[in-house]
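> Here's a structure for you.
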Amino acid sequence: MDKFIIKGGTPLKGTIPISGSKNAALPVMAAALLADSPTTIHAVPRLRDIYTFNNVIRITGARVDFHEDKNKLVIDPKHVSHLEAPYDLVRKMRASFYMLGALLGRFGHAKVSLPGGCAWGPRPVDLHLKGLKAFGADINLDEGYVLADAPDGELDGGTFELDPSSVGATVNLLLATVRSSNTSVIKNAAKEPDVVQLCRILTKMGAQIEGIGTRTLTIHGVDKLKGIEVQNSPDRIETGTFMIAGAMHPESNITLTQTDPEDLGKFLDIFKEVGVELEVNDDTIRVVAPDKLQPVSVKTQVYPGFPTDLQAQWSTMMTQAEGKSKVTDTIYFDRFSYVPELVRLGADMEVKKNTVHIKGKTPLKGASLMSTDLRASVSLVLASMVAKGQSEVLRVYHLDRGYENLENKLTRVGAQIKRVDNDQ
Ligand code: UD1
């Protein structure tokens with residue numbers, strides 16, 4: 001198992017290219033199964049979650065060719081015959097549950113393992129199942145699997161309201177309904193950029209979807225979808241993570257390229273409040289760190305609000321701000337496993353219910369740290385980069401799930417991070 005050895009205290013200076021978004025690519029990969037011909041997706045990041053999903057898709061009989069040197073993925077759905085996503089793979093990555101909508105929508109039947117637990121508390125899939133039932137699917141649970149059937153080969157359609165709004169359920173319901181011959185309405189649909197990209201790509205494939213980018217999606221089912229060539233969008237969470245990295249050392253000055261500032265929603269404005277100098281262009285963002293970071297309290301919200309996937313990174317930055325702040329997660333109440341690790345570095349923070357109370361600025365001192373999940377792990381890297389002395393971040397396989405080339409990108413702009421095999 002790999003670990004990072006990080007020497008803290010160096011400023012970041014230079015340019016970091018942003019990779020394609022993992023969370024935006026996964027739904028498009030599932031959508032490729034709905035077509036009758038191959039789909040080519042560009043800017044797919046080389047990440048563990050993408051490799052896992054490639055294998056989930058391959059089990060169905062579809063052909064998946066990942067041209068890793070070009071970040072190009074080709075999915076040919078012609079020979080899909082095995083309509084199942086097994087537990088062994090679904091447990092590795094929850095988004096494999098998108099196979100439920102994709103297989104049901106294309107073939108009228110699916111057998112997909114329930115995802116099971118998650119490091120950040122309960123993450124139910126009840127809305128996915130209730131929505132599919134509302135649209136006419138027969139849903140049965142058997143030995144940890146969901147068996148879904150469309151009684152006449154396709155769903156009847158209807159109206160379903162998501163409460164709360166859910167990215168995953170919106171994706172699954174879209175996938176399940178675009179190829180039926182009926183009309184389905186999803187109310188309180190997610191409008192995260194990942195969902196908007198999926199809707200636009202499905203439309204290019206031949207789907208008819210009204211209300212893209214709004215809270216009500218109306219899907220008029222179509223007979224056929226064709227495979228197409230598409231460009232995946234830049235990773236907004238990677239962008240936000242590096243913006244935070246660039247703000248945390250007073251002499252840092254970095255430019256993020258190949259990104260899309262529009263996808264950041266309100267995060268951009270909130271980020272300015274910490275006192276950074278920010279230069280935003282069409283596809284670049286320059287961050288010049290302030291001498292002193294201002295404390296800024298945030299609450300996570302659905303898009304365009306502050307994303308839960310940047311909550312841990314923000315709290316980490318706040319340990320270095322001059323004063324008190326509060327960070328509340330309203331999406332996932334239990335997503336604070338990184339806090340005790342940061343406290344071990346010297347941070348003054350306390351979790352009460354779904355809020356972490358932070359007193360800054362405290363000097364951080366290097367230590368050994370344990371990664372628990374993807375965003376928690378990157379927070380430990382951010383903290384280690386400003387801590388005095390040397391830190392070790394263990395179990396970085398969590399990071400490999402969602403950050404392409406993290407240590408190389410950061411090392412090139414001045415960070416001192418070495419990956420070593422912990423078992424040696
Ligand atoms: C996606 C992202 C994840 C991000 C999250 C919120 C992917 C692969 N993952 O996860 O990184 O943190 O959006 O932006 O894109 N809920 C239910 N019942 C359900 C489904 C969800 O109650 O059936 C609740 C969840 O507990 C949560 C909220 O809805 O409180 C939003 O979750 P959701 O948007 O579904 O997250 P994911 O799609 O799993």
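To be explicit about the labels: the chains of the structure tokens are called A, B, and onward in the order shown, and within each one the residues are counted from 1, while ligands get numbers from 1 in the order they are shown.
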Taking 2 positions as the minimum chain separation for residues in the same chain, which residues sit within 8 Å of Thr214 of chain A when counting only C-alpha atoms? Answer as a ChimeraX atom specification.
/A:189,191,211-212,216-217
> Write a file of the just-selected residues containing N, CA, C and O atoms, as a PDB file, in the first residue's frame.

ATOM      1  N   ALA A 189     -35.009  17.720  -9.441  1.00  0.00           N
ATOM      2  CA  ALA A 189     -33.846  17.014 -10.017  1.00  0.00           C
ATOM      3  C   ALA A 189     -32.564  17.751  -9.638  1.00  0.00           C
ATOM      4  O   ALA A 189     -32.575  18.963  -9.401  1.00  0.00           O
ATOM      5  N   LYS A 191     -29.156  19.635 -10.345  1.00  0.00           N
ATOM      6  CA  LYS A 191     -28.681  20.413 -11.499  1.00  0.00           C
ATOM      7  C   LYS A 191     -27.180  20.681 -11.383  1.00  0.00           C
ATOM      8  O   LYS A 191     -26.670  21.680 -11.865  1.00  0.00           O
ATOM      9  N   GLY A 211     -35.902  21.112 -19.919  1.00  0.00           N
ATOM     10  CA  GLY A 211     -35.618  21.646 -18.575  1.00  0.00           C
ATOM     11  C   GLY A 211     -34.196  21.404 -18.123  1.00  0.00           C
ATOM     12  O   GLY A 211     -33.910  21.475 -16.922  1.00  0.00           O
ATOM     13  N   ILE A 212     -33.280  21.154 -19.066  1.00  0.00           N
ATOM     14  CA  ILE A 212     -31.884  20.868 -18.684  1.00  0.00           C
ATOM     15  C   ILE A 212     -31.310  22.053 -17.888  1.00  0.00           C
ATOM     16  O   ILE A 212     -31.455  23.206 -18.286  1.00  0.00           O
ATOM     17  N   THR A 216     -36.689  20.774 -12.847  1.00  0.00           N
ATOM     18  CA  THR A 216     -37.666  19.829 -13.396  1.00  0.00           C
ATOM     19  C   THR A 216     -37.191  19.338 -14.758  1.00  0.00           C
ATOM     20  O   THR A 216     -37.025  20.126 -15.694  1.00  0.00           O
ATOM     21  N   LEU A 217     -36.957  18.042 -14.833  1.00  0.00           N
ATOM     22  CA  LEU A 217     -36.533  17.448 -16.105  1.00  0.00           C
ATOM     23  C   LEU A 217     -37.700  16.648 -16.672  1.00  0.00           C
ATOM     24  O   LEU A 217     -38.273  15.793 -15.974  1.00  0.00           O
TER      25      LEU A 217
END
> Write out as a Markdown table a residue-level contact list of chain A versus ligand 1 with cut-off 6 Å: for each qualifying residue the closest pair of atoms and the distance in Å to one decimal, counting only C-alpha atoms and all ligand atoms, rows sorted by chain and residue number upward.

| residue | atom | partner | partner_atom_place_in_ligand_line | distance |
| --- | --- | --- | --- | --- |
| A:Asn23 | CA | ligand 1 | 15 (O) | 4.2 |
| A:Ala95 | CA | ligand 1 | 8 (C) | 5.0 |
| A:Arg123 | CA | ligand 1 | 26 (O) | 4.6 |
| A:Pro124 | CA | ligand 1 | 18 (N) | 4.6 |
| A:Val125 | CA | ligand 1 | 23 (O) | 3.2 |
| A:Asp126 | CA | ligand 1 | 23 (O) | 3.9 |
| A:Leu127 | CA | ligand 1 | 23 (O) | 3.5 |
| A:His128 | CA | ligand 1 | 23 (O) | 5.0 |
| A:Pro164 | CA | ligand 1 | 29 (O) | 5.3 |
| A:Ser165 | CA | ligand 1 | 29 (O) | 5.9 |
| A:Ser166 | CA | ligand 1 | 34 (O) | 3.4 |
| A:Val167 | CA | ligand 1 | 34 (O) | 3.7 |
| A:Gly168 | CA | ligand 1 | 38 (O) | 3.3 |
| A:Ala169 | CA | ligand 1 | 35 (O) | 5.8 |
| A:Thr308 | CA | ligand 1 | 12 (O) | 5.5 |
| A:Asp309 | CA | ligand 1 | 12 (O) | 5.0 |
| A:Ile331 | CA | ligand 1 | 30 (O) | 4.2 |
| A:Tyr332 | CA | ligand 1 | 30 (O) | 5.1 |
> Could you state the separation of atom CA of Pro38 of chain A and atom CA of Lys133 of chain A in Å, given to one decimal place?
29.7 Å
> For the contact check between segment 359-420 of chain A and segment 311-320 of chain A, emit one row per residue of segment 359-420 of chain A within 7 Å, containing the shortest atom pair and the distance in Å rounded to one decimal, counting only C-alpha atoms, chain then rising number order, as JSON lines.

{"residue": "A:Lys359", "atom": "CA", "partner": "A:Thr319", "partner_atom": "CA", "distance": 6.5}
{"residue": "A:Gly360", "atom": "CA", "partner": "A:Thr319", "partner_atom": "CA", "distance": 4.8}
{"residue": "A:Lys361", "atom": "CA", "partner": "A:Gln320", "partner_atom": "CA", "distance": 4.6}
{"residue": "A:Thr362", "atom": "CA", "partner": "A:Gln320", "partner_atom": "CA", "distance": 6.3}
{"residue": "A:Arg375", "atom": "CA", "partner": "A:Ala312", "partner_atom": "CA", "distance": 6.4}
{"residue": "A:Ala376", "atom": "CA", "partner": "A:Ala312", "partner_atom": "CA", "distance": 5.9}
{"residue": "A:Ser379", "atom": "CA", "partner": "A:Gln313", "partner_atom": "CA", "distance": 4.9}
{"residue": "A:Ala383", "atom": "CA", "partner": "A:Thr316", "partner_atom": "CA", "distance": 6.3}
> Got time to write the residues from that selection, C-alpha atoms, as a PDB file, in the first residue's frame?

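Once everything was written out, this is result-v3.pdb:
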ATOM      1  CA  LYS A 359     -10.076  28.224  15.822  1.00  0.00           C
ATOM      2  CA  GLY A 360      -7.249  29.577  13.723  1.00  0.00           C
ATOM      3  CA  LYS A 361      -4.504  30.181  13.188  1.00  0.00           C
ATOM      4  CA  THR A 362      -2.645  27.283  14.758  1.00  0.00           C
ATOM      5  CA  ARG A 375     -11.710  14.115   0.124  1.00  0.00           C
ATOM      6  CA  ALA A 376     -10.519  13.530   3.699  1.00  0.00           C
ATOM      7  CA  SER A 379      -7.171  17.455   3.150  1.00  0.00           C
ATOM      8  CA  ALA A 383      -2.415  20.294   5.810  1.00  0.00           C
TER       9      ALA A 383
END
> How far is it from atom CA of Gly153 of chain A to atom CA of Tyr98 of chain A, in Å with one decimal?
18.7 Å
> Closest to Phe336 of chain A among A:Ser371, A:Asp88, A:Gly323, A:Pro17, using only C-alpha atoms?
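The closest residue to Phe336 of chain A is A:Ser371.
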> Identify, on the basis of only C-alpha atoms, every residue whose closest approach to segment 243-256 of chain A does not exceed 7 Å; exclude the query and any residue fewer than 2 positions from it along the same chain; express the result as a PDB file with N, CA, C and O atoms, in the first residue's frame.

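See out01.pdb below for the written result:
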ATOM      1  N   PRO A  11       6.103  27.202  -0.583  1.00  0.00           N
ATOM      2  CA  PRO A  11       4.997  27.811  -1.339  1.00  0.00           C
ATOM      3  C   PRO A  11       4.828  27.122  -2.693  1.00  0.00           C
ATOM      4  O   PRO A  11       5.738  26.453  -3.174  1.00  0.00           O
ATOM      5  N   LEU A  12       3.651  27.296  -3.294  1.00  0.00           N
ATOM      6  CA  LEU A  12       3.392  26.725  -4.621  1.00  0.00           C
ATOM      7  C   LEU A  12       3.474  27.835  -5.657  1.00  0.00           C
ATOM      8  O   LEU A  12       2.841  28.886  -5.497  1.00  0.00           O
ATOM      9  N   LYS A  13       4.221  27.602  -6.711  1.00  0.00           N
ATOM     10  CA  LYS A  13       4.341  28.608  -7.768  1.00  0.00           C
ATOM     11  C   LYS A  13       4.355  27.918  -9.128  1.00  0.00           C
ATOM     12  O   LYS A  13       5.170  27.007  -9.322  1.00  0.00           O
ATOM     13  N   GLY A  14       3.473  28.333 -10.013  1.00  0.00           N
ATOM     14  CA  GLY A  14       3.474  27.747 -11.358  1.00  0.00           C
ATOM     15  C   GLY A  14       2.069  27.388 -11.824  1.00  0.00           C
ATOM     16  O   GLY A  14       1.072  27.912 -11.332  1.00  0.00           O
ATOM     17  N   THR A  15       2.036  26.461 -12.772  1.00  0.00           N
ATOM     18  CA  THR A  15       0.784  26.143 -13.468  1.00  0.00           C
ATOM     19  C   THR A  15       0.374  24.701 -13.218  1.00  0.00           C
ATOM     20  O   THR A  15       1.217  23.807 -13.297  1.00  0.00           O
ATOM     21  N   ILE A  16      -0.893  24.478 -12.927  1.00  0.00           N
ATOM     22  CA  ILE A  16      -1.387  23.104 -12.749  1.00  0.00           C
ATOM     23  C   ILE A  16      -2.536  22.863 -13.741  1.00  0.00           C
ATOM     24  O   ILE A  16      -3.559  23.565 -13.681  1.00  0.00           O
ATOM     25  N   PRO A  17      -2.395  21.881 -14.642  1.00  0.00           N
ATOM     26  CA  PRO A  17      -3.509  21.568 -15.541  1.00  0.00           C
ATOM     27  C   PRO A  17      -4.561  20.739 -14.811  1.00  0.00           C
ATOM     28  O   PRO A  17      -4.225  19.824 -14.059  1.00  0.00           O
ATOM     29  N   ILE A  18      -5.818  21.058 -15.022  1.00  0.00           N
ATOM     30  CA  ILE A  18      -6.912  20.335 -14.374  1.00  0.00           C
ATOM     31  C   ILE A  18      -7.324  19.149 -15.253  1.00  0.00           C
ATOM     32  O   ILE A  18      -7.432  19.270 -16.475  1.00  0.00           O
ATOM     33  N   THR A 239     -10.353  21.376  -9.190  1.00  0.00           N
ATOM     34  CA  THR A 239     -10.081  22.815  -9.324  1.00  0.00           C
ATOM     35  C   THR A 239     -10.177  23.495  -7.954  1.00  0.00           C
ATOM     36  O   THR A 239      -9.263  24.216  -7.539  1.00  0.00           O
ATOM     37  N   GLY A 240     -11.276  23.251  -7.239  1.00  0.00           N
ATOM     38  CA  GLY A 240     -11.475  23.871  -5.923  1.00  0.00           C
ATOM     39  C   GLY A 240     -10.399  23.450  -4.934  1.00  0.00           C
ATOM     40  O   GLY A 240      -9.903  24.261  -4.141  1.00  0.00           O
ATOM     41  N   THR A 241      -9.996  22.186  -5.013  1.00  0.00           N
ATOM     42  CA  THR A 241      -8.962  21.677  -4.096  1.00  0.00           C
ATOM     43  C   THR A 241      -7.638  22.412  -4.320  1.00  0.00           C
ATOM     44  O   THR A 241      -6.982  22.846  -3.370  1.00  0.00           O
ATOM     45  N   THR A 259      -9.555  24.508 -17.059  1.00  0.00           N
ATOM     46  CA  THR A 259     -10.659  24.336 -16.122  1.00  0.00           C
ATOM     47  C   THR A 259     -11.888  25.100 -16.625  1.00  0.00           C
ATOM     48  O   THR A 259     -11.836  25.726 -17.687  1.00  0.00           O
ATOM     49  N   VAL A 276      -7.904  36.132  -0.922  1.00  0.00           N
ATOM     50  CA  VAL A 276      -6.990  35.840  -2.036  1.00  0.00           C
ATOM     51  C   VAL A 276      -7.169  36.845  -3.171  1.00  0.00           C
ATOM     52  O   VAL A 276      -8.217  37.483  -3.303  1.00  0.00           O
ATOM     53  N   THR A 284      -9.018  29.486 -17.230  1.00  0.00           N
ATOM     54  CA  THR A 284      -7.909  29.517 -16.255  1.00  0.00           C
ATOM     55  C   THR A 284      -8.329  30.281 -14.998  1.00  0.00           C
ATOM     56  O   THR A 284      -9.202  31.158 -15.051  1.00  0.00           O
ATOM     57  N   ILE A 285      -7.706  29.921 -13.902  1.00  0.00           N
ATOM     58  CA  ILE A 285      -7.926  30.633 -12.635  1.00  0.00           C
ATOM     59  C   ILE A 285      -6.565  30.839 -11.984  1.00  0.00           C
ATOM     60  O   ILE A 285      -5.822  29.870 -11.783  1.00  0.00           O
ATOM     61  N   ARG A 286      -6.231  32.111 -11.683  1.00  0.00           N
ATOM     62  CA  ARG A 286      -4.968  32.368 -10.985  1.00  0.00           C
ATOM     63  C   ARG A 286      -5.278  32.706  -9.534  1.00  0.00           C
ATOM     64  O   ARG A 286      -6.190  33.502  -9.260  1.00  0.00           O
ATOM     65  N   VAL A 287      -4.557  32.083  -8.639  1.00  0.00           N
ATOM     66  CA  VAL A 287      -4.768  32.319  -7.204  1.00  0.00           C
ATOM     67  C   VAL A 287      -3.470  32.851  -6.612  1.00  0.00           C
ATOM     68  O   VAL A 287      -2.434  32.200  -6.702  1.00  0.00           O
ATOM     69  N   VAL A 288      -3.547  34.046  -6.019  1.00  0.00           N
ATOM     70  CA  VAL A 288      -2.388  34.588  -5.302  1.00  0.00           C
ATOM     71  C   VAL A 288      -2.775  34.618  -3.826  1.00  0.00           C
ATOM     72  O   VAL A 288      -3.769  35.244  -3.444  1.00  0.00           O
ATOM     73  N   ALA A 289      -2.000  33.915  -3.009  1.00  0.00           N
ATOM     74  CA  ALA A 289      -2.367  33.773  -1.588  1.00  0.00           C
ATOM     75  C   ALA A 289      -2.238  35.108  -0.861  1.00  0.00           C
ATOM     76  O   ALA A 289      -1.368  35.912  -1.191  1.00  0.00           O
ATOM     77  N   PRO A 290      -3.097  35.355   0.130  1.00  0.00           N
ATOM     78  CA  PRO A 290      -2.965  36.576   0.931  1.00  0.00           C
ATOM     79  C   PRO A 290      -1.904  36.391   2.014  1.00  0.00           C
ATOM     80  O   PRO A 290      -1.540  35.260   2.340  1.00  0.00           O
ATOM     81  N   ASP A 291      -1.447  37.496   2.601  1.00  0.00           N
ATOM     82  CA  ASP A 291      -0.514  37.374   3.736  1.00  0.00           C
ATOM     83  C   ASP A 291      -1.216  36.687   4.895  1.00  0.00           C
ATOM     84  O   ASP A 291      -0.633  35.877   5.597  1.00  0.00           O
ATOM     85  N   MET A 317      -8.217  24.549   5.285  1.00  0.00           N
ATOM     86  CA  MET A 317      -7.709  25.914   5.044  1.00  0.00           C
ATOM     87  C   MET A 317      -8.033  26.813   6.239  1.00  0.00           C
ATOM     88  O   MET A 317      -7.226  27.654   6.644  1.00  0.00           O
ATOM     89  N   LEU A 382      -3.128  18.593   2.013  1.00  0.00           N
ATOM     90  CA  LEU A 382      -3.099  20.063   2.074  1.00  0.00           C
ATOM     91  C   LEU A 382      -2.486  20.524   3.395  1.00  0.00           C
ATOM     92  O   LEU A 382      -1.653  21.435   3.426  1.00  0.00           O
ATOM     93  N   VAL A 386       1.560  22.537   4.562  1.00  0.00           N
ATOM     94  CA  VAL A 386       1.878  23.774   5.294  1.00  0.00           C
ATOM     95  C   VAL A 386       2.389  23.474   6.709  1.00  0.00           C
ATOM     96  O   VAL A 386       2.685  24.393   7.467  1.00  0.00           O
TER      97      VAL A 386
END
> Taking only C-alpha atoms into account, name the residue in A:Thr10, A:Ala176, A:His109, A:Ala102 that is nearest to Leu132 of chain A.
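Answer, going by the shortest atom-to-atom distance: A:Ala176.
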> If you run DSSP on this backbone, which residues of segment 143-333 of chain A come out as alpha helix (DSSP H), and could you give them as an MDAnalysis selection string?
chainID A and resid 167:177 193:205 236:248 267:272 311:318
> Residues of the last selection are to be written out with N, CA and C atoms, as a short mmCIF file (atom, residue, chain, number, x, y, z; two decimals), in the first residue's frame.

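Everything below was put into selection15.cif:
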data_model
loop_
_atom_site.label_atom_id
_atom_site.label_comp_id
_atom_site.auth_asym_id
_atom_site.auth_seq_id
_atom_site.Cartn_x
_atom_site.Cartn_y
_atom_site.Cartn_z
N VAL A 167 -27.99 13.67 -6.86
CA VAL A 167 -27.28 13.56 -8.14
C VAL A 167 -27.46 12.14 -8.68
N GLY A 168 -27.13 11.16 -7.84
CA GLY A 168 -27.15 9.77 -8.28
C GLY A 168 -28.54 9.32 -8.73
N ALA A 169 -29.57 9.68 -7.95
CA ALA A 169 -30.93 9.25 -8.32
C ALA A 169 -31.36 9.93 -9.62
N THR A 170 -31.00 11.21 -9.79
CA THR A 170 -31.36 11.90 -11.04
C THR A 170 -30.72 11.18 -12.23
N VAL A 171 -29.44 10.81 -12.07
CA VAL A 171 -28.73 10.11 -13.16
C VAL A 171 -29.42 8.78 -13.46
N ASN A 172 -29.68 8.00 -12.42
CA ASN A 172 -30.28 6.68 -12.65
C ASN A 172 -31.66 6.80 -13.31
N LEU A 173 -32.45 7.78 -12.88
CA LEU A 173 -33.79 7.93 -13.46
C LEU A 173 -33.71 8.40 -14.91
N LEU A 174 -32.74 9.27 -15.20
CA LEU A 174 -32.55 9.68 -16.60
C LEU A 174 -32.19 8.48 -17.47
N LEU A 175 -31.22 7.71 -17.00
CA LEU A 175 -30.75 6.56 -17.78
C LEU A 175 -31.89 5.56 -18.02
N ALA A 176 -32.72 5.40 -17.00
CA ALA A 176 -33.78 4.38 -17.10
C ALA A 176 -34.92 4.81 -18.03
N THR A 177 -35.08 6.12 -18.25
CA THR A 177 -36.29 6.58 -18.95
C THR A 177 -36.06 7.11 -20.36
N PRO A 193 -23.34 20.36 -12.38
CA PRO A 193 -22.79 20.34 -13.73
C PRO A 193 -22.67 18.92 -14.31
N ASP A 194 -22.46 17.94 -13.44
CA ASP A 194 -22.32 16.55 -13.93
C ASP A 194 -23.64 16.06 -14.54
N VAL A 195 -24.76 16.49 -13.95
CA VAL A 195 -26.08 16.09 -14.47
C VAL A 195 -26.38 16.87 -15.76
N VAL A 196 -26.00 18.14 -15.77
CA VAL A 196 -26.25 18.96 -16.97
C VAL A 196 -25.45 18.38 -18.15
N GLN A 197 -24.19 18.02 -17.89
CA GLN A 197 -23.39 17.41 -18.97
C GLN A 197 -24.05 16.14 -19.47
N LEU A 198 -24.52 15.29 -18.55
CA LEU A 198 -25.16 14.04 -18.97
C LEU A 198 -26.37 14.34 -19.86
N CYS A 199 -27.20 15.30 -19.44
CA CYS A 199 -28.41 15.62 -20.23
C CYS A 199 -28.03 16.11 -21.63
N ARG A 200 -27.02 16.98 -21.70
CA ARG A 200 -26.60 17.51 -23.01
C ARG A 200 -26.08 16.38 -23.90
N ILE A 201 -25.32 15.48 -23.32
CA ILE A 201 -24.76 14.38 -24.12
C ILE A 201 -25.87 13.42 -24.56
N LEU A 202 -26.79 13.12 -23.65
CA LEU A 202 -27.92 12.25 -24.03
C LEU A 202 -28.70 12.89 -25.17
N THR A 203 -28.88 14.21 -25.10
CA THR A 203 -29.60 14.91 -26.16
C THR A 203 -28.88 14.75 -27.50
N LYS A 204 -27.56 14.89 -27.47
CA LYS A 204 -26.77 14.70 -28.70
C LYS A 204 -26.90 13.28 -29.23
N MET A 205 -27.10 12.34 -28.31
CA MET A 205 -27.24 10.93 -28.72
C MET A 205 -28.63 10.68 -29.32
N ARG A 236 -14.36 20.00 -11.34
CA ARG A 236 -14.56 21.22 -10.52
C ARG A 236 -14.06 21.00 -9.10
N ILE A 237 -14.08 19.77 -8.63
CA ILE A 237 -13.63 19.53 -7.25
C ILE A 237 -12.09 19.55 -7.20
N GLU A 238 -11.46 19.03 -8.24
CA GLU A 238 -10.00 19.14 -8.30
C GLU A 238 -9.61 20.62 -8.38
N THR A 239 -10.35 21.38 -9.19
CA THR A 239 -10.08 22.81 -9.32
C THR A 239 -10.18 23.50 -7.95
N GLY A 240 -11.28 23.25 -7.24
CA GLY A 240 -11.47 23.87 -5.92
C GLY A 240 -10.40 23.45 -4.93
N THR A 241 -10.00 22.19 -5.01
CA THR A 241 -8.96 21.68 -4.10
C THR A 241 -7.64 22.41 -4.32
N PHE A 242 -7.26 22.59 -5.59
CA PHE A 242 -5.99 23.27 -5.87
C PHE A 242 -6.10 24.77 -5.58
N MET A 243 -7.29 25.35 -5.74
CA MET A 243 -7.45 26.77 -5.36
C MET A 243 -7.14 26.92 -3.87
N ILE A 244 -7.68 25.98 -3.08
CA ILE A 244 -7.44 26.02 -1.63
C ILE A 244 -5.95 25.81 -1.34
N ALA A 245 -5.34 24.86 -2.07
CA ALA A 245 -3.90 24.62 -1.88
C ALA A 245 -3.12 25.90 -2.14
N GLY A 246 -3.53 26.63 -3.17
CA GLY A 246 -2.83 27.85 -3.57
C GLY A 246 -3.02 29.00 -2.59
N ALA A 247 -4.05 28.90 -1.74
CA ALA A 247 -4.32 29.99 -0.79
C ALA A 247 -3.61 29.78 0.54
N MET A 248 -3.14 28.56 0.80
CA MET A 248 -2.76 28.23 2.18
C MET A 248 -1.37 28.66 2.60
N PHE A 267 -18.98 28.80 -5.17
CA PHE A 267 -17.68 28.59 -4.52
C PHE A 267 -16.71 29.72 -4.85
N LEU A 268 -16.74 30.20 -6.10
CA LEU A 268 -15.80 31.25 -6.52
C LEU A 268 -15.92 32.49 -5.64
N ASP A 269 -17.16 32.96 -5.43
CA ASP A 269 -17.36 34.18 -4.64
C ASP A 269 -17.01 33.96 -3.18
N ILE A 270 -17.40 32.79 -2.67
CA ILE A 270 -17.10 32.49 -1.26
C ILE A 270 -15.58 32.46 -1.06
N PHE A 271 -14.91 31.88 -2.04
CA PHE A 271 -13.44 31.74 -1.95
C PHE A 271 -12.75 33.11 -1.88
N LYS A 272 -13.32 34.08 -2.62
CA LYS A 272 -12.70 35.42 -2.60
C LYS A 272 -12.67 36.00 -1.19
N GLN A 311 -15.79 20.35 1.38
CA GLN A 311 -15.96 20.70 2.80
C GLN A 311 -14.70 20.43 3.61
N ALA A 312 -14.11 19.25 3.45
CA ALA A 312 -12.93 18.89 4.25
C ALA A 312 -11.74 19.80 3.91
N GLN A 313 -11.60 20.10 2.61
CA GLN A 313 -10.49 20.95 2.19
C GLN A 313 -10.65 22.37 2.77
N TRP A 314 -11.90 22.86 2.79
CA TRP A 314 -12.16 24.21 3.31
C TRP A 314 -11.82 24.28 4.80
N SER A 315 -12.28 23.28 5.56
CA SER A 315 -11.99 23.26 7.01
C SER A 315 -10.49 23.27 7.24
N THR A 316 -9.77 22.54 6.39
CA THR A 316 -8.31 22.47 6.52
C THR A 316 -7.71 23.85 6.31
N MET A 317 -8.22 24.55 5.29
CA MET A 317 -7.71 25.91 5.04
C MET A 317 -8.03 26.81 6.24
N MET A 318 -9.22 26.62 6.83
CA MET A 318 -9.63 27.48 7.94
C MET A 318 -8.77 27.32 9.19
#
> Give me the residues near Asp156 of chain A as a ChimeraX atom specification, where near means some atom within 7 Å (using only C-alpha atoms) and where sequence neighbours in that chain fewer than 4 positions away do not count.
/A:135-136,182
> Using the selection just defined, write its residues with C-alpha atoms as a tab-separated table (two decimals), in the first residue's frame.

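This went into selection_27.tsv:
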chain	number	residue	atom	x	y	z
A	135	PHE	CA	-42.00	5.10	-13.30
A	136	GLY	CA	-43.37	1.53	-13.43
A	182	ASN	CA	-43.36	7.39	-22.52
> Need to verify the contact set: Asp65 of chain A, 10 Å, only C-alpha atoms, exclusion of same-chain residues closer than 6 positions in sequence. Can you return it as a list in words?
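Contacts, in chain order: Thr40, Asn54, Arg58, Lys72, Leu73, Val74, Ile75 and Asp76 of chain A.
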> Restrict the selected residues to N, CA, C and O atoms and save them as a PDB file, in the first residue's frame.

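Output contents, as saved in selection_26.pdb:
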ATOM      1  N   THR A  40     -17.308   7.588 -27.890  1.00  0.00           N
ATOM      2  CA  THR A  40     -15.925   7.939 -27.539  1.00  0.00           C
ATOM      3  C   THR A  40     -15.955   9.125 -26.591  1.00  0.00           C
ATOM      4  O   THR A  40     -16.582  10.147 -26.884  1.00  0.00           O
ATOM      5  N   ASN A  54     -14.892   0.712 -15.687  1.00  0.00           N
ATOM      6  CA  ASN A  54     -14.602   0.010 -16.946  1.00  0.00           C
ATOM      7  C   ASN A  54     -14.863  -1.483 -16.777  1.00  0.00           C
ATOM      8  O   ASN A  54     -15.467  -2.134 -17.639  1.00  0.00           O
ATOM      9  N   ARG A  58     -17.504  -3.933 -18.582  1.00  0.00           N
ATOM     10  CA  ARG A  58     -17.018  -5.090 -19.361  1.00  0.00           C
ATOM     11  C   ARG A  58     -17.773  -6.369 -19.006  1.00  0.00           C
ATOM     12  O   ARG A  58     -18.006  -7.226 -19.865  1.00  0.00           O
ATOM     13  N   LYS A  72      -8.567   8.802 -23.533  1.00  0.00           N
ATOM     14  CA  LYS A  72      -9.714   8.583 -24.425  1.00  0.00           C
ATOM     15  C   LYS A  72     -10.331   7.212 -24.142  1.00  0.00           C
ATOM     16  O   LYS A  72      -9.609   6.210 -24.090  1.00  0.00           O
ATOM     17  N   LEU A  73     -11.628   7.210 -23.976  1.00  0.00           N
ATOM     18  CA  LEU A  73     -12.322   5.966 -23.639  1.00  0.00           C
ATOM     19  C   LEU A  73     -13.351   5.654 -24.721  1.00  0.00           C
ATOM     20  O   LEU A  73     -14.143   6.536 -25.092  1.00  0.00           O
ATOM     21  N   VAL A  74     -13.308   4.422 -25.234  1.00  0.00           N
ATOM     22  CA  VAL A  74     -14.291   4.038 -26.249  1.00  0.00           C
ATOM     23  C   VAL A  74     -15.122   2.880 -25.696  1.00  0.00           C
ATOM     24  O   VAL A  74     -14.566   1.862 -25.259  1.00  0.00           O
ATOM     25  N   ILE A  75     -16.438   3.053 -25.701  1.00  0.00           N
ATOM     26  CA  ILE A  75     -17.328   2.001 -25.189  1.00  0.00           C
ATOM     27  C   ILE A  75     -18.246   1.545 -26.319  1.00  0.00           C
ATOM     28  O   ILE A  75     -18.983   2.351 -26.893  1.00  0.00           O
ATOM     29  N   ASP A  76     -18.144   0.248 -26.612  1.00  0.00           N
ATOM     30  CA  ASP A  76     -18.980  -0.311 -27.677  1.00  0.00           C
ATOM     31  C   ASP A  76     -20.010  -1.245 -27.034  1.00  0.00           C
ATOM     32  O   ASP A  76     -19.660  -2.320 -26.540  1.00  0.00           O
TER      33      ASP A  76
END
